[in-house]
Amino acid sequence: MSSNGATKTSLPRPRSSAVFDGPDRAAARAYMKGIGFDDDALSRPTIGIANTWTEAMPCNFHLRGLAEHIKEGVRAAGGTPMEFNTVAISDGITMGTEGMKTSLVSREVIADSIELAARGYQFDAVVALSACDKTIPGCVMALARLDIPSLMLYGGSIAPGRWHGRDVTILDVFEAIGAHAAGEMSDEDLRELEGVASPGAGACGGQFTANTMACAFEAMGISPGGSAMVPAEDGEKGTVAERIGEMAMKVLAEDLRPSRVITRESLENAIACVCASGGSTNGVLHLLAVAREAGIELDIDDFERISRRTPLLADLKPSGRFVATDLYRAGGVPLVLKRLAEAGILHGDAITVSGRTIGEEAAAAAEAEGQEVVRPVADPLKPEGGLAILRGNLAPEGAVVKLAGTERTKQVGPARVFESEEECFRAVKDRQIRPGDVIVIRNEGPAGGPGMREMLQVTAAIVGEGLGEEVALLTDGRFSGATRGLMAGHVAPEAVKGGPIAAVREGDEIAFDVEARRLDVALSGEEIAKRVVAYEAPPPAYERGVMAKYAAAVSSASRGAVTA
């Protein structure tokens with residue numbers, strides 16, 4: 001027995017011992033004993049279970065139950081789990097509303113709150129449990145900051161719905177809104193579709209932002225191999241969660257910290273996974289942010305370099321045929337990693353939280369016979385990856401295009417300029433957009449929004465109206481992973497920071513040239529500079545509170561839109 005009556009343990013307690021050991025910590029023990037922790041529990045390593053559970057959306061709805069499985073694994077391996085919660089904002093539910101401005105802001109709040117709780121309670125290790133888009137990078141950003149033994153578990157994807165004999169996802173509903181506005185879908189069909197498109201708990205089913213980041217972080221090694229693509233409501237997910245709890249004790253015993261896992265090489269593996277899977281443009285924003293937290297040099301042009309050498313291999317929605325549950329049955333992320341290894345792209349020696357290398361995880365991939373989700377390296381969907389970084393006189397710091405979402409590489413047309421997403425959506429809904437137009441949406445950047453809203457409501461409505469292959473769009477905001485078409489997001493600098501996007505006026509000729517990686521307006525440098533000086537941005541939407549703090553502190557999208 002220890003001097004405070006606790007059972008001695010040989011397991012490492014590098015932080016929690018300062019909280020619970022010795023006569024002078026009697027008050028701390030008293031608090032915990034009153035809620036069910038005994039001397040034995042308080043003498044063991046404390047493992048923080050950072051949960052992003054909420055009842056306000058399906059993506060994270062099931063995470064309380066999953067946390068219980070993690071806690072069982074921690075206890076079985078000799079630790080004491082302590083669950084705590086943080087915020088989670090649904091991109092899909094807030095899409096097209098003022099509430100969407102809070103989504104990217106929540107990434108910083110999630111990271112901050114996990115960091116604060118872990119530092120405050122001095123947990124010996126942390127398991128972060130994520131699901132919806134911003135909870136995933138927010139969790140990993142916190143783990144990188146803390147640099148204590150830790151790992152992340154993704155809660156898993158929702159199953160697809162069935163409608164008129166085919167699989168559907170929430171993207172079908174967003175595009176149906178445009179079809180309904182165009183008179184091509186009845187009220188009855190729209191209501192029937194919305195009733196079946198999201199049939200339970202779990203994150204959106206395509207290779208949208210949640211599944212993109214889940215795949216990326218398994219490729220990075222901060223999530224265990226084979227864990228990400230197990231669906232949310234599959235019985236195997238609970239078993240995976242228990243193993244995660246046991247693994248938390250293993251990384252603690254080995255002092256395996258994120259600084260050993262998150263490296264330049266593992267970041268490049270994550271980027272390659274995003275490119276090979278046709279993932280979301282948000283992958284650029286979030287991996288830049290994680291690199292910043294880890295103190296690793298990573299530039300937006302690194303995405304261009306890696307995408308150029310990485311074939312597009314996964315036939316996943318929104319541009320492909322399959323969803324995340326299909327990828328799971330085909331072989332999951334390890335199968336994608338196996339293909340990257342075969343292509344000579346994977347940094348196979350990078351370590352993962354399992355203690356195995358990412359090359360070993362790739363070699364262990366079990367490919368389902370006859371699967372069509374992940375193509376052979378010799379027969380890719382496209383020879384280059386799913387992302388491109390455009391520059392030009394409209395985007396001197398860069399803009400991001402998702403190549404997997406379109407076959408077009410060029411468009412020249414007149415600018416249709418909108419000062420907000422709402423203004424543009426009204427024009428789309430009222431059918432004021434014409435084939436050949438180039439839509440410009442500004443004042444939706446990290447500071448100008450603030451919060452850099454996704455534009456899925458607009459882009460899906462454009463597709464739903466049948467204009468997806470005839471209209472281009474650029475914005476200093478960002479896109480959902482479900483967006484498809486010739487769309488350039490993250491245009492930097494943003495309008496309120498003096499970016500050239502502020503100079504564009506109705507009717508100006510804008511040219512997309514993806515092959516040349518250019519995004520330009522037909523204006524001289526002198527004219528652009530003169531117009532930027534004359535431009536008057538709308539007044540700030542928020543003058544106090546978290547949104548105002550964020551607007552004042554946030555960096556450019558080209559640097560990850562981080563606040564520190």
# chains A, B, ... in the order shown; residues from 1 in each chain; ligands from 1
call {"tool": "residues_around", "arguments": {"residues": "range 11-25 of chain A", "least_positions_apart": "3", "cutoff": "12 Å", "atoms": "only C-alpha atoms", "output": "ChimeraX atom specification"}}
result
/A:1-8,28-33,37-48,77-82,118-126,148-149,249-255
call {"tool": "residues_around", "arguments": {"residues": "Val230 in chain A", "least_positions_apart": "4", "cutoff": "7 Å", "atoms": "only C-alpha atoms", "output": "list of chain:residue names"}}
result
A:Gly156, A:Asp234, A:Lys237, A:Tyr328
call {"tool": "write_last_selection", "arguments": {"atoms": "N, CA, C and O atoms", "output": "JSON list (two decimals), in the first residue's frame"}}
result
[["chain", "number", "residue", "atom", "x", "y", "z"],
["A", 156, "GLY", "N", -16.56, 6.63, -37.02],
["A", 156, "GLY", "CA", -17.03, 5.82, -38.14],
["A", 156, "GLY", "C", -18.12, 6.48, -38.97],
["A", 156, "GLY", "O", -18.79, 7.42, -38.55],
["A", 234, "ASP", "N", -21.54, -0.65, -36.91],
["A", 234, "ASP", "CA", -21.09, -2.02, -37.04],
["A", 234, "ASP", "C", -20.67, -2.53, -35.66],
["A", 234, "ASP", "O", -20.00, -1.84, -34.91],
["A", 237, "LYS", "N", -17.17, -2.06, -34.22],
["A", 237, "LYS", "CA", -16.64, -0.78, -33.76],
["A", 237, "LYS", "C", -16.39, -0.80, -32.25],
["A", 237, "LYS", "O", -15.41, -0.23, -31.77],
["A", 328, "TYR", "N", -14.60, 0.13, -46.50],
["A", 328, "TYR", "CA", -14.35, -0.77, -45.37],
["A", 328, "TYR", "C", -14.38, -2.23, -45.84],
["A", 328, "TYR", "O", -13.47, -3.02, -45.53]]
call {"tool": "residues_around", "arguments": {"residues": "Gly278 in chain A", "least_positions_apart": "4", "cutoff": "7 Å", "atoms": "only C-alpha atoms", "output": "ChimeraX atom specification"}}
result
/A:274,312,314,385-386,404
call {"tool": "closest_residue", "arguments": {"among": "A:Leu394, A:Val333, A:Ile439, A:Ala561", "to": "Gly498 in chain A", "atoms": "only C-alpha atoms"}}
result
A:Leu394
call {"tool": "select_by_dssp", "arguments": {"residues": "range 25-129 of chain A", "states": "strand (DSSP E or B)", "output": "number ranges by chain"}}
result
A: 46-51, 80-85, 125-129
call {"tool": "write_last_selection", "arguments": {"atoms": "all heavy atoms", "output": "short mmCIF file (atom, residue, chain, number, x, y, z; two decimals), in the first residue's frame"}}
result
data_model
loop_
_atom_site.label_atom_id
_atom_site.label_comp_id
_atom_site.auth_asym_id
_atom_site.auth_seq_id
_atom_site.Cartn_x
_atom_site.Cartn_y
_atom_site.Cartn_z
N THR A 46 -4.16 7.71 -14.94
CA THR A 46 -5.44 8.26 -15.39
C THR A 46 -5.34 8.57 -16.89
O THR A 46 -4.42 9.24 -17.34
CB THR A 46 -5.83 9.53 -14.61
OG1 THR A 46 -4.83 10.52 -14.77
CG2 THR A 46 -6.01 9.22 -13.13
N ILE A 47 -6.32 8.07 -17.61
CA ILE A 47 -6.37 8.22 -19.07
C ILE A 47 -7.56 9.10 -19.42
O ILE A 47 -8.71 8.74 -19.18
CB ILE A 47 -6.51 6.85 -19.77
CG1 ILE A 47 -5.48 5.84 -19.23
CG2 ILE A 47 -6.38 7.03 -21.28
CD1 ILE A 47 -4.04 6.26 -19.39
N GLY A 48 -7.29 10.28 -19.95
CA GLY A 48 -8.36 11.18 -20.35
C GLY A 48 -9.02 10.69 -21.63
O GLY A 48 -8.34 10.41 -22.63
N ILE A 49 -10.34 10.55 -21.61
CA ILE A 49 -11.10 10.18 -22.80
C ILE A 49 -11.77 11.46 -23.30
O ILE A 49 -12.80 11.89 -22.77
CB ILE A 49 -12.16 9.10 -22.51
CG1 ILE A 49 -11.56 7.95 -21.69
CG2 ILE A 49 -12.78 8.62 -23.82
CD1 ILE A 49 -10.43 7.21 -22.36
N ALA A 50 -11.16 12.09 -24.29
CA ALA A 50 -11.66 13.36 -24.82
C ALA A 50 -12.77 13.07 -25.83
O ALA A 50 -12.50 12.64 -26.96
CB ALA A 50 -10.54 14.15 -25.48
N ASN A 51 -14.00 13.28 -25.42
CA ASN A 51 -15.14 12.91 -26.25
C ASN A 51 -15.75 14.14 -26.91
O ASN A 51 -15.82 15.22 -26.29
CB ASN A 51 -16.21 12.21 -25.39
CG ASN A 51 -17.14 11.35 -26.21
OD1 ASN A 51 -17.25 11.50 -27.43
ND2 ASN A 51 -17.83 10.43 -25.55
N THR A 80 -7.11 3.96 -15.25
CA THR A 80 -8.36 4.56 -14.79
C THR A 80 -8.80 5.60 -15.80
O THR A 80 -8.16 6.65 -15.93
CB THR A 80 -8.18 5.21 -13.41
OG1 THR A 80 -7.87 4.19 -12.46
CG2 THR A 80 -9.45 5.92 -12.97
N PRO A 81 -9.87 5.32 -16.55
CA PRO A 81 -10.33 6.29 -17.55
C PRO A 81 -11.17 7.40 -16.91
O PRO A 81 -11.91 7.15 -15.95
CB PRO A 81 -11.19 5.44 -18.48
CG PRO A 81 -11.74 4.36 -17.59
CD PRO A 81 -10.67 4.07 -16.57
N MET A 82 -11.04 8.60 -17.44
CA MET A 82 -11.85 9.74 -17.01
C MET A 82 -12.30 10.48 -18.26
O MET A 82 -11.51 11.10 -18.96
CB MET A 82 -11.06 10.67 -16.09
CG MET A 82 -10.66 10.05 -14.77
SD MET A 82 -9.79 11.22 -13.69
CE MET A 82 -9.49 10.16 -12.26
N GLU A 83 -13.59 10.39 -18.54
CA GLU A 83 -14.16 10.97 -19.76
C GLU A 83 -14.51 12.45 -19.55
O GLU A 83 -15.01 12.84 -18.51
CB GLU A 83 -15.42 10.20 -20.14
CG GLU A 83 -16.08 10.65 -21.44
CD GLU A 83 -17.35 9.87 -21.73
OE1 GLU A 83 -17.71 8.98 -20.95
OE2 GLU A 83 -17.99 10.18 -22.76
N PHE A 84 -14.21 13.24 -20.55
CA PHE A 84 -14.65 14.63 -20.55
C PHE A 84 -15.09 15.00 -21.95
O PHE A 84 -14.78 14.31 -22.92
CB PHE A 84 -13.55 15.57 -20.05
CG PHE A 84 -12.31 15.62 -20.91
CD1 PHE A 84 -12.12 16.61 -21.86
CD2 PHE A 84 -11.31 14.65 -20.75
CE1 PHE A 84 -10.97 16.66 -22.64
CE2 PHE A 84 -10.16 14.69 -21.53
CZ PHE A 84 -9.98 15.69 -22.47
N ASN A 85 -15.84 16.08 -22.09
CA ASN A 85 -16.46 16.41 -23.36
C ASN A 85 -16.02 17.77 -23.88
O ASN A 85 -15.50 18.60 -23.13
CB ASN A 85 -17.98 16.39 -23.24
CG ASN A 85 -18.65 15.91 -24.52
OD1 ASN A 85 -18.49 14.76 -24.88
ND2 ASN A 85 -19.36 16.78 -25.21
N ALA A 125 -2.21 9.89 -20.17
CA ALA A 125 -2.38 9.66 -21.60
C ALA A 125 -3.77 10.12 -21.99
O ALA A 125 -4.63 10.34 -21.13
CB ALA A 125 -2.16 8.20 -21.95
N VAL A 126 -4.01 10.25 -23.28
CA VAL A 126 -5.30 10.73 -23.78
C VAL A 126 -5.73 9.88 -24.98
O VAL A 126 -4.92 9.56 -25.85
CB VAL A 126 -5.24 12.21 -24.20
CG1 VAL A 126 -6.54 12.65 -24.87
CG2 VAL A 126 -4.96 13.11 -23.00
N VAL A 127 -7.01 9.53 -24.99
CA VAL A 127 -7.65 8.99 -26.19
C VAL A 127 -8.68 10.02 -26.64
O VAL A 127 -9.57 10.39 -25.87
CB VAL A 127 -8.36 7.65 -25.92
CG1 VAL A 127 -9.06 7.17 -27.20
CG2 VAL A 127 -7.39 6.61 -25.42
N ALA A 128 -8.55 10.52 -27.86
CA ALA A 128 -9.50 11.49 -28.40
C ALA A 128 -10.47 10.76 -29.32
O ALA A 128 -10.06 9.97 -30.17
CB ALA A 128 -8.77 12.59 -29.16
N LEU A 129 -11.75 11.05 -29.13
CA LEU A 129 -12.82 10.37 -29.86
C LEU A 129 -13.53 11.39 -30.73
O LEU A 129 -14.14 12.34 -30.23
CB LEU A 129 -13.77 9.73 -28.86
CG LEU A 129 -14.89 8.81 -29.36
CD1 LEU A 129 -14.34 7.73 -30.27
CD2 LEU A 129 -15.61 8.19 -28.17
#
call {"tool": "residues_around", "arguments": {"residues": "range 178-189 of chain A", "least_positions_apart": "3", "cutoff": "9 Å", "atoms": "only C-alpha atoms", "output": "VMD selection string"}}
result
chain A and resid 174 to 175 192 to 194 428 to 431 457 to 458 460 to 466
call {"tool": "residues_around", "arguments": {"residues": "Ser480 in chain A", "least_positions_apart": "3", "cutoff": "12 Å", "atoms": "only C-alpha atoms", "output": "PyMOL selection string"}}
result
chain A and resi 90-92+94-96+100+103-104+133-134+170-171+174+204+206-212+279-283+318+401-402+405+452-460+477+483-485+487-490
call {"tool": "write_last_selection", "arguments": {"atoms": "C-alpha atoms", "output": "PDB file, in the first residue's frame"}}
result
ATOM      1  CA  SER A  90     -22.358  19.841 -37.580  1.00  0.00           C
ATOM      2  CA  ASP A  91     -21.246  21.258 -40.900  1.00  0.00           C
ATOM      3  CA  GLY A  92     -24.182  19.613 -42.642  1.00  0.00           C
ATOM      4  CA  THR A  94     -25.558  24.420 -40.193  1.00  0.00           C
ATOM      5  CA  MET A  95     -24.818  24.510 -43.949  1.00  0.00           C
ATOM      6  CA  GLY A  96     -26.176  27.608 -45.658  1.00  0.00           C
ATOM      7  CA  MET A 100     -21.952  27.509 -40.399  1.00  0.00           C
ATOM      8  CA  SER A 103     -17.778  25.299 -37.677  1.00  0.00           C
ATOM      9  CA  LEU A 104     -14.141  26.123 -38.407  1.00  0.00           C
ATOM     10  CA  ASP A 133     -15.477  17.239 -39.723  1.00  0.00           C
ATOM     11  CA  LYS A 134     -13.809  19.690 -37.336  1.00  0.00           C
ATOM     12  CA  ILE A 170     -26.725  13.500 -47.688  1.00  0.00           C
ATOM     13  CA  LEU A 171     -25.141  14.962 -50.858  1.00  0.00           C
ATOM     14  CA  PHE A 174     -28.341  18.941 -51.098  1.00  0.00           C
ATOM     15  CA  CYS A 204     -21.427  11.503 -43.788  1.00  0.00           C
ATOM     16  CA  GLY A 206     -18.902   9.761 -48.971  1.00  0.00           C
ATOM     17  CA  GLN A 207     -15.258  10.771 -49.140  1.00  0.00           C
ATOM     18  CA  PHE A 208     -16.315  14.085 -47.721  1.00  0.00           C
ATOM     19  CA  THR A 209     -14.301  15.895 -45.051  1.00  0.00           C
ATOM     20  CA  ALA A 210     -14.937  13.519 -42.129  1.00  0.00           C
ATOM     21  CA  ASN A 211     -13.883  10.360 -43.954  1.00  0.00           C
ATOM     22  CA  THR A 212     -11.072  12.231 -45.710  1.00  0.00           C
ATOM     23  CA  GLY A 279     -10.558  13.577 -50.582  1.00  0.00           C
ATOM     24  CA  SER A 280     -11.832  16.954 -49.476  1.00  0.00           C
ATOM     25  CA  THR A 281     -10.042  20.246 -50.083  1.00  0.00           C
ATOM     26  CA  ASN A 282     -10.407  20.763 -46.336  1.00  0.00           C
ATOM     27  CA  GLY A 283      -7.560  18.275 -45.989  1.00  0.00           C
ATOM     28  CA  PRO A 318     -18.920  12.600 -54.472  1.00  0.00           C
ATOM     29  CA  VAL A 401      -9.295  22.874 -56.477  1.00  0.00           C
ATOM     30  CA  LYS A 402     -10.592  19.314 -56.098  1.00  0.00           C
ATOM     31  CA  GLY A 405     -14.828  16.399 -58.730  1.00  0.00           C
ATOM     32  CA  MET A 452     -14.723  30.447 -43.574  1.00  0.00           C
ATOM     33  CA  ARG A 453     -18.067  28.807 -44.311  1.00  0.00           C
ATOM     34  CA  GLU A 454     -18.423  25.826 -46.603  1.00  0.00           C
ATOM     35  CA  MET A 455     -20.417  26.460 -49.766  1.00  0.00           C
ATOM     36  CA  LEU A 456     -22.095  23.079 -50.266  1.00  0.00           C
ATOM     37  CA  GLN A 457     -25.584  24.571 -50.313  1.00  0.00           C
ATOM     38  CA  VAL A 458     -24.561  26.773 -53.243  1.00  0.00           C
ATOM     39  CA  THR A 459     -22.416  24.247 -55.113  1.00  0.00           C
ATOM     40  CA  ALA A 460     -24.928  21.417 -54.720  1.00  0.00           C
ATOM     41  CA  GLY A 477     -14.424  30.606 -48.170  1.00  0.00           C
ATOM     42  CA  THR A 483     -18.645  19.607 -53.402  1.00  0.00           C
ATOM     43  CA  ARG A 484     -17.944  18.709 -57.017  1.00  0.00           C
ATOM     44  CA  GLY A 485     -17.377  20.798 -60.118  1.00  0.00           C
ATOM     45  CA  MET A 487     -14.626  25.151 -57.785  1.00  0.00           C
ATOM     46  CA  ALA A 488     -11.643  27.016 -56.294  1.00  0.00           C
ATOM     47  CA  GLY A 489     -11.760  27.557 -52.543  1.00  0.00           C
ATOM     48  CA  HIS A 490      -9.377  29.031 -49.973  1.00  0.00           C
TER      49      HIS A 490
END
call {"tool": "residues_around", "arguments": {"residues": "Gly398 in chain A", "least_positions_apart": "5", "cutoff": "8 Å", "atoms": "only C-alpha atoms", "output": "ChimeraX atom specification"}}
result
/A:300,389-392,490-492,558
call {"tool": "decode", "arguments": {"residues": "range 243-260 of chain A", "atoms": "N, CA and C atoms", "output": "PDB file, in the first residue's frame"}}
result
ATOM      1  N   ARG A 243      -9.976  -2.185 -27.943  1.00  0.00           N
ATOM      2  CA  ARG A 243      -8.545  -2.319 -28.255  1.00  0.00           C
ATOM      3  C   ARG A 243      -7.833  -0.977 -28.186  1.00  0.00           C
ATOM      4  N   ILE A 244      -8.557   0.090 -28.556  1.00  0.00           N
ATOM      5  CA  ILE A 244      -7.978   1.434 -28.460  1.00  0.00           C
ATOM      6  C   ILE A 244      -7.673   1.763 -26.996  1.00  0.00           C
ATOM      7  N   GLY A 245      -8.591   1.414 -26.092  1.00  0.00           N
ATOM      8  CA  GLY A 245      -8.355   1.647 -24.673  1.00  0.00           C
ATOM      9  C   GLY A 245      -7.129   0.906 -24.178  1.00  0.00           C
ATOM     10  N   GLU A 246      -6.986  -0.351 -24.589  1.00  0.00           N
ATOM     11  CA  GLU A 246      -5.802  -1.118 -24.219  1.00  0.00           C
ATOM     12  C   GLU A 246      -4.546  -0.504 -24.824  1.00  0.00           C
ATOM     13  N   MET A 247      -4.667  -0.019 -26.072  1.00  0.00           N
ATOM     14  CA  MET A 247      -3.510   0.566 -26.749  1.00  0.00           C
ATOM     15  C   MET A 247      -3.052   1.851 -26.060  1.00  0.00           C
ATOM     16  N   ALA A 248      -4.001   2.584 -25.456  1.00  0.00           N
ATOM     17  CA  ALA A 248      -3.622   3.795 -24.727  1.00  0.00           C
ATOM     18  C   ALA A 248      -2.649   3.465 -23.609  1.00  0.00           C
ATOM     19  N   MET A 249      -2.880   2.349 -22.938  1.00  0.00           N
ATOM     20  CA  MET A 249      -1.968   1.932 -21.873  1.00  0.00           C
ATOM     21  C   MET A 249      -0.618   1.496 -22.441  1.00  0.00           C
ATOM     22  N   LYS A 250      -0.639   0.929 -23.627  1.00  0.00           N
ATOM     23  CA  LYS A 250       0.605   0.497 -24.272  1.00  0.00           C
ATOM     24  C   LYS A 250       1.461   1.698 -24.684  1.00  0.00           C
ATOM     25  N   VAL A 251       0.821   2.733 -25.302  1.00  0.00           N
ATOM     26  CA  VAL A 251       1.611   3.902 -25.699  1.00  0.00           C
ATOM     27  C   VAL A 251       2.134   4.633 -24.463  1.00  0.00           C
ATOM     28  N   LEU A 252       1.379   4.564 -23.347  1.00  0.00           N
ATOM     29  CA  LEU A 252       1.868   5.157 -22.106  1.00  0.00           C
ATOM     30  C   LEU A 252       3.086   4.397 -21.590  1.00  0.00           C
ATOM     31  N   ALA A 253       2.992   3.076 -21.561  1.00  0.00           N
ATOM     32  CA  ALA A 253       4.105   2.269 -21.060  1.00  0.00           C
ATOM     33  C   ALA A 253       5.365   2.482 -21.889  1.00  0.00           C
ATOM     34  N   GLU A 254       5.186   2.702 -23.202  1.00  0.00           N
ATOM     35  CA  GLU A 254       6.325   2.885 -24.102  1.00  0.00           C
ATOM     36  C   GLU A 254       6.694   4.351 -24.303  1.00  0.00           C
ATOM     37  N   ASP A 255       5.924   5.237 -23.661  1.00  0.00           N
ATOM     38  CA  ASP A 255       6.109   6.686 -23.821  1.00  0.00           C
ATOM     39  C   ASP A 255       6.144   7.076 -25.297  1.00  0.00           C
ATOM     40  N   LEU A 256       5.192   6.504 -26.061  1.00  0.00           N
ATOM     41  CA  LEU A 256       5.089   6.788 -27.499  1.00  0.00           C
ATOM     42  C   LEU A 256       4.235   8.032 -27.681  1.00  0.00           C
ATOM     43  N   ARG A 257       4.894   9.119 -27.996  1.00  0.00           N
ATOM     44  CA  ARG A 257       4.242  10.425 -28.048  1.00  0.00           C
ATOM     45  C   ARG A 257       3.942  10.843 -29.482  1.00  0.00           C
ATOM     46  N   PRO A 258       2.988  11.792 -29.659  1.00  0.00           N
ATOM     47  CA  PRO A 258       2.676  12.276 -31.012  1.00  0.00           C
ATOM     48  C   PRO A 258       3.882  12.830 -31.763  1.00  0.00           C
ATOM     49  N   SER A 259       4.869  13.381 -31.052  1.00  0.00           N
ATOM     50  CA  SER A 259       6.035  13.940 -31.742  1.00  0.00           C
ATOM     51  C   SER A 259       6.842  12.866 -32.463  1.00  0.00           C
ATOM     52  N   ARG A 260       6.693  11.602 -32.048  1.00  0.00           N
ATOM     53  CA  ARG A 260       7.356  10.510 -32.767  1.00  0.00           C
ATOM     54  C   ARG A 260       6.514  10.046 -33.940  1.00  0.00           C
TER      55      ARG A 260
END
